[in-house]
Every structure is written in C-alpha cells, then in structure tokens.
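See structure below.
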Amino acid sequence: MLTPVLRVEDLAVVRGRRRVVSGLALQVAAGEIVALVGDNGCGKSTLMGAVAGLYLPRQGLVQIDGHDVWGPPRQRRAARRALGYLPEGGEGGEGSGGAGGEGSHALGFLSGAELWALVGAARGAPPPAPELMAELGLAELADKKLGQMSLGQRRRAYLGAALLGPPRLLVLDEPDNGLDVTRLEALVALLRSHREHGGVLVASHDPALVERLGARVVTMRAA
C-alpha cells in the first residue's frame, strides 16, 4: 500500500480554551486534490496550521510523505521540506487586507525574490521556474517589497513560494483570495498539474473553484 502524501489521524487542536479540531482523520493521496469546505470557524485554517507545524496538536498524528510533522527533529525537517504552505491571508497568519504599509505584516521588508530565495533555501528548492514565473506573473513582483504589494500581488508572491520545488504536498488556505480572472485560471491549471508531483489540500468557499479542480470534497464542522 502506498504511503499517503498526507495522513492525519485522531487530530485534536486547542486554541486558547476552545477545542477547534477534535478527532479528525484525513488522507490525501499522491495525484489527488482534496478540498476542505465548511462554515467560518469550523477549523479549516487550524487543521492546515497543524499540518504546517504551526499549531501543536493536543493529540493525534500528522505525517507528510511518511514524515512526522510533530516527531523528532529529523522527521520534522523532512516534513517541512516536503510541504508548500499558503496560510490564510498569505502572510503567515496576518490579516488579508489591502496593500498596507511596509510594516503591515511580518515579512513586509522582503522583496518577492528575497521571499523565494528564503523559502528555497529552507526547502532545498531552486528559484521559480520560468513557467511558474510566467503563469503567476512573478517577474513584476521580484523587486517589489511584500509590504508594498496589493492583496492579489502578495497572494501571487506567496503562491510562487509555496510551489517551489515542487513540494510533495501543497496546503493552500483560500488561494483564490484576491486573484483576478487571469490569475485564477493560472491557479487552476497549476494545481491540476501539481497532481503529477504529489497531492493538494485546499480550503475554499467557492464551489465553482472546487468543481473546476476536480477535488474530493471533505466537509468540516465545528468541534
């Protein structure tokens, strides 16, 4: 039996005093796109954060490509290198407002090229391929600081970083937020083609996007 790209078993995550995720099990196979749907507050972003190593589970198992996200250091490093992650808002948990100032989010001082170099060094991945640069329109963002970008531009910059490698698992929280029609078309094509490299876990409130991706739908409900 093949090892799933993502394996989540009996996951429980508490944030503050609230149990946001409880007893959750989920798998994403290589070549598969899985879409998380559900009302706001049902735990989609928390689940994705736990997969990305941001939120320590109260219980349960999270593995990426057979590596334990919350295991020994070597396992954690291997899991991180196999992951491409786009958080809600695209700024490591920041809000999803407009362009804002340079200090409006933690990495606002970085240019697009510096962001891709930083993520590439952590993941052992090369710079964005010419095809990726063209599909997401990244060339115009290479020398622009993240804090000076519009919401849509920042999302494209962070999508470019998430896709470097490419990773075995893509975890994308509302990746269509802020994208125009042209870039949305590119996103659909990129995610569908990524199935050749691994699996995709995506959260979206747009049923049309989920249908176009040909995703297997997993409905989440509040714990």
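Going through the structure tokens in order, the chains are called A, B, and so on, while each chain numbers its residues from 1 and the ligands are numbered from 1 in the order shown.
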
- Message: Using DSSP secondary structure from the backbone, list all alpha helix (DSSP H) positions within region 9-204 of chain A, as a ChimeraX atom specification.
- Response: /A:44-51,73-81,112-123,130-136,151-162,181-194

Emit the selected residues as an mmCIF file, in the first residue's frame, including C-alpha atoms.
```cif
data_model
loop_
_atom_site.group_PDB
_atom_site.id
_atom_site.type_symbol
_atom_site.label_atom_id
_atom_site.label_comp_id
_atom_site.auth_asym_id
_atom_site.auth_seq_id
_atom_site.Cartn_x
_atom_site.Cartn_y
_atom_site.Cartn_z
ATOM 1 C CA LYS A 44 -10.159 24.529 8.293
ATOM 2 C CA SER A 45 -7.345 27.024 8.884
ATOM 3 C CA THR A 46 -6.458 25.409 12.218
ATOM 4 C CA LEU A 47 -6.166 22.000 10.579
ATOM 5 C CA MET A 48 -3.927 23.438 7.882
ATOM 6 C CA GLY A 49 -1.811 25.204 10.501
ATOM 7 C CA ALA A 50 -1.364 21.934 12.387
ATOM 8 C CA VAL A 51 -0.285 20.216 9.170
ATOM 9 C CA PRO A 73 13.846 16.918 14.638
ATOM 10 C CA ARG A 74 14.921 14.868 11.616
ATOM 11 C CA GLN A 75 11.316 13.878 10.917
ATOM 12 C CA ARG A 76 10.146 17.471 11.312
ATOM 13 C CA ARG A 77 12.767 18.781 8.898
ATOM 14 C CA ALA A 78 11.867 16.158 6.278
ATOM 15 C CA ALA A 79 8.161 17.008 6.638
ATOM 16 C CA ARG A 80 8.832 20.724 6.199
ATOM 17 C CA ARG A 81 10.912 20.151 3.080
ATOM 18 C CA GLY A 112 9.400 38.818 -3.873
ATOM 19 C CA ALA A 113 12.785 37.476 -4.988
ATOM 20 C CA GLU A 114 14.067 37.515 -1.400
ATOM 21 C CA LEU A 115 10.998 35.595 -0.227
ATOM 22 C CA TRP A 116 11.536 32.911 -2.897
ATOM 23 C CA ALA A 117 15.236 32.667 -2.037
ATOM 24 C CA LEU A 118 14.441 32.295 1.674
ATOM 25 C CA VAL A 119 11.854 29.576 1.117
ATOM 26 C CA GLY A 120 14.022 27.863 -1.492
ATOM 27 C CA ALA A 121 16.982 27.723 0.898
ATOM 28 C CA ALA A 122 14.827 26.216 3.661
ATOM 29 C CA ARG A 123 13.340 23.625 1.323
ATOM 30 C CA PRO A 130 10.309 30.335 -15.958
ATOM 31 C CA GLU A 131 6.939 28.640 -16.498
ATOM 32 C CA LEU A 132 5.855 29.412 -12.927
ATOM 33 C CA MET A 133 7.125 32.988 -13.234
ATOM 34 C CA ALA A 134 5.017 33.460 -16.373
ATOM 35 C CA GLU A 135 1.842 31.749 -15.129
ATOM 36 C CA LEU A 136 1.663 33.774 -11.905
ATOM 37 C CA LEU A 151 -3.508 41.713 -1.685
ATOM 38 C CA GLY A 152 -3.578 39.941 -5.057
ATOM 39 C CA GLN A 153 0.105 40.597 -5.690
ATOM 40 C CA ARG A 154 1.066 39.282 -2.254
ATOM 41 C CA ARG A 155 -1.011 36.170 -2.771
ATOM 42 C CA ARG A 156 0.783 35.519 -6.062
ATOM 43 C CA ALA A 157 4.176 36.045 -4.423
ATOM 44 C CA TYR A 158 3.365 33.581 -1.650
ATOM 45 C CA LEU A 159 1.839 31.109 -4.097
ATOM 46 C CA GLY A 160 5.120 31.209 -6.005
ATOM 47 C CA ALA A 161 6.955 30.398 -2.781
ATOM 48 C CA ALA A 162 4.572 27.552 -1.903
ATOM 49 C CA VAL A 181 -9.743 36.093 -13.547
ATOM 50 C CA THR A 182 -6.475 35.590 -15.445
ATOM 51 C CA ARG A 183 -4.514 34.516 -12.362
ATOM 52 C CA LEU A 184 -7.398 32.347 -11.180
ATOM 53 C CA GLU A 185 -7.203 30.437 -14.461
ATOM 54 C CA ALA A 186 -3.468 30.010 -13.901
ATOM 55 C CA LEU A 187 -4.076 28.782 -10.343
ATOM 56 C CA VAL A 188 -6.490 26.088 -11.520
ATOM 57 C CA ALA A 189 -4.020 24.895 -14.155
ATOM 58 C CA LEU A 190 -1.121 24.877 -11.666
ATOM 59 C CA LEU A 191 -2.992 22.878 -9.045
ATOM 60 C CA ARG A 192 -4.289 20.342 -11.534
ATOM 61 C CA SER A 193 -0.798 19.856 -12.968
ATOM 62 C CA HIS A 194 0.684 19.548 -9.474
#
```

- Message: So that I can see what lies close to Ile64 (chain A), please list as JSON, numbers by chain the residues with an atom at most 7 Å from it, counting only C-alpha atoms and leaving out residues fewer than 3 positions away in the same chain.
- Response: {"A": [5, 6, 7, 67, 68, 69, 79, 82]}

- Message: So that I can check the secondary structure, give me every residue of region 36-218 of chain A assigned strand (DSSP E or B) by backbone DSSP, as a PyMOL selection string.
- Response: chain A and resi 36-37+59-64+67-68+83-86+111+145+169-173+199-203+216-218

Can those selected residues be exported to a file as a CSV table (one decimal), in the first residue's frame so that it contains N, CA, C and O atoms?
```csv
chain,number,residue,atom,x,y,z
A,36,LEU,N,-11.2,21.3,1.4
A,36,LEU,CA,-11.9,21.4,2.7
A,36,LEU,C,-13.0,22.5,2.5
A,36,LEU,O,-12.7,23.6,2.1
A,37,VAL,N,-14.2,22.2,2.9
A,37,VAL,CA,-15.3,23.2,2.8
A,37,VAL,C,-16.0,23.2,4.2
A,37,VAL,O,-15.9,22.2,5.0
A,59,GLN,N,-3.6,16.1,20.6
A,59,GLN,CA,-3.5,14.6,20.4
A,59,GLN,C,-3.5,14.4,18.9
A,59,GLN,O,-3.9,15.2,18.1
A,60,GLY,N,-3.0,13.2,18.5
A,60,GLY,CA,-3.1,12.8,17.1
A,60,GLY,C,-1.8,12.7,16.4
A,60,GLY,O,-0.8,13.1,16.9
A,61,LEU,N,-1.9,12.3,15.1
A,61,LEU,CA,-0.8,12.1,14.3
A,61,LEU,C,-0.9,12.9,13.0
A,61,LEU,O,-2.0,13.0,12.4
A,62,VAL,N,0.2,13.6,12.6
A,62,VAL,CA,0.2,14.3,11.3
A,62,VAL,C,1.5,13.9,10.6
A,62,VAL,O,2.6,14.1,11.1
A,63,GLN,N,1.4,13.3,9.4
A,63,GLN,CA,2.5,12.9,8.6
A,63,GLN,C,2.4,13.4,7.2
A,63,GLN,O,1.4,13.4,6.6
A,64,ILE,N,3.6,14.0,6.7
A,64,ILE,CA,3.7,14.4,5.3
A,64,ILE,C,4.7,13.5,4.6
A,64,ILE,O,5.8,13.4,5.1
A,67,HIS,N,6.6,11.4,6.9
A,67,HIS,CA,7.4,12.0,8.0
A,67,HIS,C,6.5,12.7,9.0
A,67,HIS,O,5.6,13.5,8.6
A,68,ASP,N,6.8,12.5,10.3
A,68,ASP,CA,6.0,13.0,11.3
A,68,ASP,C,6.2,14.5,11.5
A,68,ASP,O,7.3,14.9,11.9
A,83,LEU,N,6.7,20.1,2.1
A,83,LEU,CA,5.5,20.9,2.2
A,83,LEU,C,5.6,22.3,1.6
A,83,LEU,O,6.6,23.0,1.8
A,84,GLY,N,4.6,22.6,0.8
A,84,GLY,CA,4.4,24.0,0.3
A,84,GLY,C,3.1,24.5,0.9
A,84,GLY,O,2.1,24.0,0.7
A,85,TYR,N,3.2,25.6,1.7
A,85,TYR,CA,2.1,26.1,2.5
A,85,TYR,C,1.8,27.6,2.2
A,85,TYR,O,2.6,28.4,2.2
A,86,LEU,N,0.5,27.8,2.0
A,86,LEU,CA,0.0,29.2,1.8
A,86,LEU,C,-1.1,29.4,2.9
A,86,LEU,O,-2.2,28.8,2.8
A,111,SER,N,11.6,41.6,-0.6
A,111,SER,CA,11.0,41.6,-1.9
A,111,SER,C,10.6,40.2,-2.3
A,111,SER,O,10.8,39.2,-1.6
A,145,LYS,N,8.7,45.1,-2.7
A,145,LYS,CA,8.6,44.6,-1.3
A,145,LYS,C,7.1,44.1,-1.0
A,145,LYS,O,6.2,44.7,-1.5
A,169,LEU,N,3.5,17.9,-1.0
A,169,LEU,CA,2.2,18.3,-0.6
A,169,LEU,C,2.0,19.8,-0.6
A,169,LEU,O,2.9,20.6,-0.1
A,170,LEU,N,1.0,20.3,-1.2
A,170,LEU,CA,0.6,21.7,-1.2
A,170,LEU,C,-0.6,21.8,-0.3
A,170,LEU,O,-1.6,21.1,-0.4
A,171,VAL,N,-0.5,22.8,0.7
A,171,VAL,CA,-1.6,23.1,1.6
A,171,VAL,C,-1.9,24.6,1.4
A,171,VAL,O,-1.1,25.4,1.8
A,172,LEU,N,-3.0,24.9,0.8
A,172,LEU,CA,-3.4,26.2,0.4
A,172,LEU,C,-4.7,26.7,1.0
A,172,LEU,O,-5.7,26.1,0.7
A,173,ASP,N,-4.6,27.7,1.8
A,173,ASP,CA,-5.8,28.2,2.5
A,173,ASP,C,-6.4,29.4,1.7
A,173,ASP,O,-5.7,30.5,1.7
A,199,GLY,N,0.3,15.7,-3.9
A,199,GLY,CA,-1.1,15.9,-3.5
A,199,GLY,C,-1.3,17.4,-3.2
A,199,GLY,O,-0.4,18.1,-2.9
A,200,VAL,N,-2.6,17.8,-3.1
A,200,VAL,CA,-3.0,19.1,-2.8
A,200,VAL,C,-4.2,19.1,-1.8
A,200,VAL,O,-5.1,18.4,-2.0
A,201,LEU,N,-4.0,19.9,-0.7
A,201,LEU,CA,-5.1,20.1,0.2
A,201,LEU,C,-5.4,21.6,0.1
A,201,LEU,O,-4.6,22.5,0.4
A,202,VAL,N,-6.7,21.9,-0.2
A,202,VAL,CA,-7.0,23.3,-0.4
A,202,VAL,C,-8.3,23.6,0.3
A,202,VAL,O,-9.2,22.8,0.4
A,203,ALA,N,-8.4,24.8,0.9
A,203,ALA,CA,-9.7,25.3,1.5
A,203,ALA,C,-10.2,26.4,0.7
A,203,ALA,O,-9.5,27.3,0.2
A,216,ARG,N,-11.8,16.1,-4.4
A,216,ARG,CA,-12.6,15.3,-3.5
A,216,ARG,C,-13.0,16.3,-2.3
A,216,ARG,O,-12.1,16.8,-1.7
A,217,VAL,N,-14.2,16.4,-2.0
A,217,VAL,CA,-14.7,17.4,-1.0
A,217,VAL,C,-14.8,16.7,0.4
A,217,VAL,O,-15.3,15.6,0.5
A,218,VAL,N,-14.2,17.4,1.3
A,218,VAL,CA,-14.3,17.0,2.8
A,218,VAL,C,-14.9,18.2,3.5
A,218,VAL,O,-14.4,19.3,3.5
```

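Taking CA of Trp70 (chain A) as the reference point, CA of Leu56 (chain A) is found at 7.7 Å.
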